[in-house]
Structures are given as structure tokens and as C-alpha cells.
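The file my_file-v6.pdb contains PDB, C-alpha atoms and all ligand atoms:
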ATOM      1  CA  MET A   1      -9.942 -11.487  72.768  1.00  0.00           C
ATOM      2  CA  SER A   2     -10.931  -8.474  70.720  1.00  0.00           C
ATOM      3  CA  ALA A   3      -8.472  -5.924  69.388  1.00  0.00           C
ATOM      4  CA  LEU A   4      -8.268  -2.518  71.044  1.00  0.00           C
ATOM      5  CA  ASP A   5      -9.685   0.023  68.619  1.00  0.00           C
ATOM      6  CA  TRP A   6      -9.359   3.775  69.137  1.00  0.00           C
ATOM      7  CA  THR A   7     -12.592   4.342  67.175  1.00  0.00           C
ATOM      8  CA  LYS A   8     -14.279   2.367  69.993  1.00  0.00           C
ATOM      9  CA  ASP A   9     -12.363   4.287  72.681  1.00  0.00           C
ATOM     10  CA  GLY A  10      -9.594   1.695  73.095  1.00  0.00           C
ATOM     11  CA  ASP A  11      -5.890   2.555  73.166  1.00  0.00           C
ATOM     12  CA  GLY A  12      -4.990   0.616  70.052  1.00  0.00           C
ATOM     13  CA  ILE A  13      -5.207   0.464  66.268  1.00  0.00           C
ATOM     14  CA  ALA A  14      -7.192  -2.420  64.819  1.00  0.00           C
ATOM     15  CA  TYR A  15      -6.990  -3.682  61.250  1.00  0.00           C
ATOM     16  CA  GLN A  16      -8.403  -6.569  59.294  1.00  0.00           C
ATOM     17  CA  THR A  17      -7.026  -9.330  57.148  1.00  0.00           C
ATOM     18  CA  CYS A  18      -8.543 -11.953  54.863  1.00  0.00           C
ATOM     19  CA  GLY A  19      -7.734 -15.612  55.451  1.00  0.00           C
ATOM     20  CA  ASN A  20      -8.601 -16.425  51.858  1.00  0.00           C
ATOM     21  CA  CYS A  21      -6.602 -13.935  49.769  1.00  0.00           C
ATOM     22  CA  LYS A  22      -4.342 -12.416  52.508  1.00  0.00           C
ATOM     23  CA  ALA A  23      -5.538  -8.853  51.792  1.00  0.00           C
ATOM     24  CA  VAL A  24      -4.881  -6.374  54.629  1.00  0.00           C
ATOM     25  CA  TRP A  25      -6.931  -3.222  55.248  1.00  0.00           C
ATOM     26  CA  TYR A  26      -7.727  -0.630  57.872  1.00  0.00           C
ATOM     27  CA  PHE A  27     -11.392   0.443  57.807  1.00  0.00           C
ATOM     28  CA  HIS A  28     -13.624  -2.117  59.480  1.00  0.00           C
ATOM     29  CA  ARG A  29     -15.737  -4.126  57.014  1.00  0.00           C
ATOM     30  CA  ASN A  30     -17.815  -7.278  57.181  1.00  0.00           C
ATOM     31  CA  PHE A  31     -16.264  -8.677  53.997  1.00  0.00           C
ATOM     32  CA  CYS A  32     -12.929  -8.649  52.183  1.00  0.00           C
ATOM     33  CA  PRO A  33     -12.658  -5.688  49.730  1.00  0.00           C
ATOM     34  CA  GLU A  34     -10.488  -7.841  47.428  1.00  0.00           C
ATOM     35  CA  CYS A  35     -12.263 -11.195  47.180  1.00  0.00           C
ATOM     36  CA  GLY A  36     -15.565 -10.717  49.037  1.00  0.00           C
ATOM     37  CA  THR A  37     -14.945 -13.380  51.701  1.00  0.00           C
ATOM     38  CA  SER A  38     -17.328 -12.604  54.552  1.00  0.00           C
ATOM     39  CA  THR A  39     -15.127 -13.698  57.458  1.00  0.00           C
ATOM     40  CA  PRO A  40     -12.323 -11.147  57.845  1.00  0.00           C
ATOM     41  CA  THR A  41     -10.136 -11.419  60.939  1.00  0.00           C
ATOM     42  CA  THR A  42      -9.677  -8.324  63.129  1.00  0.00           C
ATOM     43  CA  LEU A  43      -6.166  -7.973  64.548  1.00  0.00           C
ATOM     44  CA  GLN A  44      -4.228  -5.607  66.793  1.00  0.00           C
ATOM     45  CA  ALA A  45      -1.642  -3.439  65.043  1.00  0.00           C
ATOM     46  CA  SER A  46       1.696  -2.752  66.726  1.00  0.00           C
ATOM     47  CA  GLY A  47       1.373   0.994  66.138  1.00  0.00           C
ATOM     48  CA  ARG A  48       4.712   0.980  64.299  1.00  0.00           C
ATOM     49  CA  GLY A  49       5.073   2.234  60.757  1.00  0.00           C
ATOM     50  CA  THR A  50       6.715   4.625  58.322  1.00  0.00           C
ATOM     51  CA  VAL A  51       5.572   8.098  57.248  1.00  0.00           C
ATOM     52  CA  HIS A  52       4.341   7.919  53.642  1.00  0.00           C
ATOM     53  CA  ALA A  53       3.113  11.510  53.322  1.00  0.00           C
ATOM     54  CA  ARG A  54       2.652  14.591  55.503  1.00  0.00           C
ATOM     55  CA  THR A  55       0.396  17.631  55.352  1.00  0.00           C
ATOM     56  CA  LEU A  56       0.707  20.572  57.686  1.00  0.00           C
ATOM     57  CA  VAL A  57      -2.789  21.944  58.226  1.00  0.00           C
ATOM     58  CA  ALA A  58      -2.509  25.695  58.662  1.00  0.00           C
ATOM     59  CA  ARG A  59      -6.136  26.562  57.934  1.00  0.00           C
ATOM     60  CA  ALA A  60      -8.345  24.240  59.954  1.00  0.00           C
ATOM     61  CA  PRO A  61     -11.648  23.191  58.368  1.00  0.00           C
ATOM     62  CA  THR A  62     -13.832  24.052  61.371  1.00  0.00           C
ATOM     63  CA  GLU A  63     -13.977  26.697  64.074  1.00  0.00           C
ATOM     64  CA  GLU A  64     -13.364  24.042  66.721  1.00  0.00           C
ATOM     65  CA  LEU A  65     -10.157  22.869  65.037  1.00  0.00           C
ATOM     66  CA  ARG A  66      -8.875  26.374  64.310  1.00  0.00           C
ATOM     67  CA  ALA A  67      -7.540  26.698  67.853  1.00  0.00           C
ATOM     68  CA  HIS A  68      -5.273  23.688  67.215  1.00  0.00           C
ATOM     69  CA  ALA A  69      -3.772  24.825  63.885  1.00  0.00           C
ATOM     70  CA  PRO A  70      -1.178  24.390  62.603  1.00  0.00           C
ATOM     71  CA  TYR A  71      -1.161  20.615  63.095  1.00  0.00           C
ATOM     72  CA  LEU A  72       0.335  17.764  61.120  1.00  0.00           C
ATOM     73  CA  ILE A  73      -1.673  15.058  59.348  1.00  0.00           C
ATOM     74  CA  VAL A  74       0.355  12.036  58.295  1.00  0.00           C
ATOM     75  CA  LEU A  75      -0.306   9.010  56.095  1.00  0.00           C
ATOM     76  CA  VAL A  76       1.469   6.106  57.760  1.00  0.00           C
ATOM     77  CA  ASP A  77       2.309   2.737  56.242  1.00  0.00           C
ATOM     78  CA  ALA A  78       1.790   0.399  59.173  1.00  0.00           C
ATOM     79  CA  GLU A  79       4.266  -2.466  59.439  1.00  0.00           C
ATOM     80  CA  GLU A  80       1.347  -4.901  59.037  1.00  0.00           C
ATOM     81  CA  GLY A  81       0.733  -3.623  55.494  1.00  0.00           C
ATOM     82  CA  PHE A  82      -2.202  -1.232  55.763  1.00  0.00           C
ATOM     83  CA  ARG A  83      -2.151   2.570  55.508  1.00  0.00           C
ATOM     84  CA  LEU A  84      -3.857   4.985  57.854  1.00  0.00           C
ATOM     85  CA  MET A  85      -4.258   8.720  58.239  1.00  0.00           C
ATOM     86  CA  ALA A  86      -3.533  10.206  61.660  1.00  0.00           C
ATOM     87  CA  HIS A  87      -2.060  13.148  63.514  1.00  0.00           C
ATOM     88  CA  GLY A  88       1.660  13.393  64.181  1.00  0.00           C
ATOM     89  CA  ASP A  89       4.554  15.395  65.559  1.00  0.00           C
ATOM     90  CA  PRO A  90       4.990  18.461  63.271  1.00  0.00           C
ATOM     91  CA  ALA A  91       8.720  17.605  62.947  1.00  0.00           C
ATOM     92  CA  LEU A  92       7.994  14.275  61.203  1.00  0.00           C
ATOM     93  CA  GLN A  93       9.370  13.813  57.688  1.00  0.00           C
ATOM     94  CA  ILE A  94       8.550  11.324  54.925  1.00  0.00           C
ATOM     95  CA  GLY A  95      10.352   8.038  55.583  1.00  0.00           C
ATOM     96  CA  ASP A  96      10.580   8.506  59.361  1.00  0.00           C
ATOM     97  CA  ARG A  97       9.915   5.400  61.451  1.00  0.00           C
ATOM     98  CA  VAL A  98       7.058   6.180  63.835  1.00  0.00           C
ATOM     99  CA  LEU A  99       5.154   4.758  66.797  1.00  0.00           C
ATOM    100  CA  ALA A 100       1.531   5.535  67.665  1.00  0.00           C
ATOM    101  CA  ARG A 101       0.223   6.811  70.961  1.00  0.00           C
ATOM    102  CA  PHE A 102      -3.233   8.121  71.755  1.00  0.00           C
ATOM    103  CA  ALA A 103      -4.070  11.731  72.453  1.00  0.00           C
ATOM    104  CA  GLN A 104      -7.087  13.958  72.856  1.00  0.00           C
ATOM    105  CA  PHE A 105      -7.692  16.333  69.960  1.00  0.00           C
ATOM    106  CA  ALA A 106     -10.688  18.675  69.965  1.00  0.00           C
ATOM    107  CA  GLY A 107     -12.335  16.436  72.559  1.00  0.00           C
ATOM    108  CA  ARG A 108     -11.846  13.131  70.723  1.00  0.00           C
ATOM    109  CA  LYS A 109      -9.365  10.294  71.122  1.00  0.00           C
ATOM    110  CA  ILE A 110      -7.012  10.138  68.128  1.00  0.00           C
ATOM    111  CA  PRO A 111      -3.933   8.155  67.136  1.00  0.00           C
ATOM    112  CA  TYR A 112      -0.847  10.373  67.207  1.00  0.00           C
ATOM    113  CA  PHE A 113       2.518   9.366  65.756  1.00  0.00           C
ATOM    114  CA  ASP A 114       5.914  10.294  67.156  1.00  0.00           C
ATOM    115  CA  LYS A 115       9.323   9.449  65.693  1.00  0.00           C
ATOM    116  CA  SER A 116      10.468   6.069  67.050  1.00  0.00           C
TER
HETATM  117 ZN    ZN B 201      -9.949 -11.722  50.479  1.00  0.00          ZN
END

Go ahead and render the structure in this file as C-alpha cells.
Ligand SMILES: [Zn+2]
Amino acid sequence: MSALDWTKDGDGIAYQTCGNCKAVWYFHRNFCPECGTSTPTTLQASGRGTVHARTLVARAPTEELRAHAPYLIVLVDAEEGFRLMAHGDPALQIGDRVLARFAQFAGRKIPYFDKS
């Protein structure tokens, strides 16, 4: 069974962990960033986490995104121990417990966090 991964058009967040040193990380790699072990395990995240930081984007970086501004970018500490950047409900505050869903943003699938 492979983990659903929104970057591969699945409705899920995948992460990786190292069986050797127990490191946990988000961006897909073929080796552990901590100890170099070449057999990381890819797992399915629950989508639950806590808001670590928030940035309201008022001036979008591209013409395509300008139509969507303002929008909220959040850094979320996933309950599995990795951190990811995603979109979220503009009402979210630091420390809020959140749950991911998947939305279309400027024609792409993205993870989007709402208060849980
Ligand atoms: Zn490791």
C-alpha cells in the first residue's frame, strides 16, 4: 500500500521516517537527512496538527495568484512530528489545532487547513 500524496494528485499528506535513527521529515527523499540511511519509510499523515506560524499574503507573487489574495499561508506542526507549509482558513491563529483537506488553488491541488 502506498501513501496518498497530494503532490502526486492523491487526497493525503505523505511523510517519511527513518527506521535507523527515527528522524521524521516531509519532503520526499531517497535517504535519511539525519543519518544517511537509504531506506526511508513513506507513511500516511493523519492531516492533524497545530499552527506554528501564519502569514497573510496580501500581495501575491504572480499575476495568476493575485486574484486569490489575500490568502493565508500556515506552517503546521503535524502530529507525526514533521512541519509543512500549506494554505489555511484566514481566521486561523498560532496554536490552533487544525485538520487538512484538499482544495483547488490557482488550478492545482493543495492541502488546506481548517480549525478542528
Ligand atoms: Zn536516519

Result set, the PyMOL selection byres (((chain A and resi 75) around 6) and not hetatm) on current file, as a VMD selection string: chain A and resid 52 to 53 74 76 84 to 85

What do you get, as a VMD selection string, if you spell out every residue that the PyMOL selection byres (((chain A and resi 108) around 12) and not hetatm) selects here? chain A and resid 6 to 10 64 to 65 102 to 107 109 to 112

Translate the PyMOL selection byres (((chain A and resi 116) around 8) and not hetatm), as applied to the file shown, into an explicit residue set as a ChimeraX atom specification. /A:97-99,114-115

Can you tell me how far CA of Cys32 (chain A) sits from CA of Asp5 (chain A), in Å to one decimal?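 Between CA of Cys32 (chain A) and CA of Asp5 (chain A) the gap is 18.9 Å.
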
With only C-alpha atoms and all ligand atoms counted, collect every polymer residue having an atom within 10 Å of ligand ZN 201 (chain B); state the result as a VMD selection string. chain A and resid 17 to 24 31 to 40

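The two atoms in question, CA of Leu92 (chain A) and CA of Gly49 (chain A), are spaced 12.4 Å apart.
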
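CA of Ser46 (chain A) to CA of Tyr26 (chain A) spans 13.1 Å [interatomic distance, one decimal].
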
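Closest approach to Arg54 (chain A) from the set A:Leu72, A:Asp11, A:Gln16, A:Ala67 is made by A:Leu72, with distances taken over all atoms listed in the file.
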
Counting all atoms listed in the file, which of A:Gly12, A:Val51, A:Val57, A:Pro70 gets nearest to Gly95 (chain A)?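 Of all the options, A:Val51 lies closest to Gly95 (chain A).
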
For Tyr15 (chain A), find every residue with an atom within 9 Å (counting all atoms listed in the file), except residues of its own chain fewer than 3 positions away, and show them as a PyMOL selection string. chain A and resi 3+5+24-28+41-45+80+82

Box dimensions and centre (Å, one decimal) enclosing region 58-61 of chain A, axis-aligned, 6 Å extra per side, as JSON:
{"center_x": -7.1, "center_y": 24.9, "center_z": 58.9, "size_x": 21.1, "size_y": 15.4, "size_z": 14.0}

Between A:Ala60, A:His68, A:Thr50, A:Ser2, which is the closest to Gln93 (chain A) once you count all atoms listed in the file?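 Using all atoms listed in the file, Gln93 (chain A) sits closest to A:Thr50.
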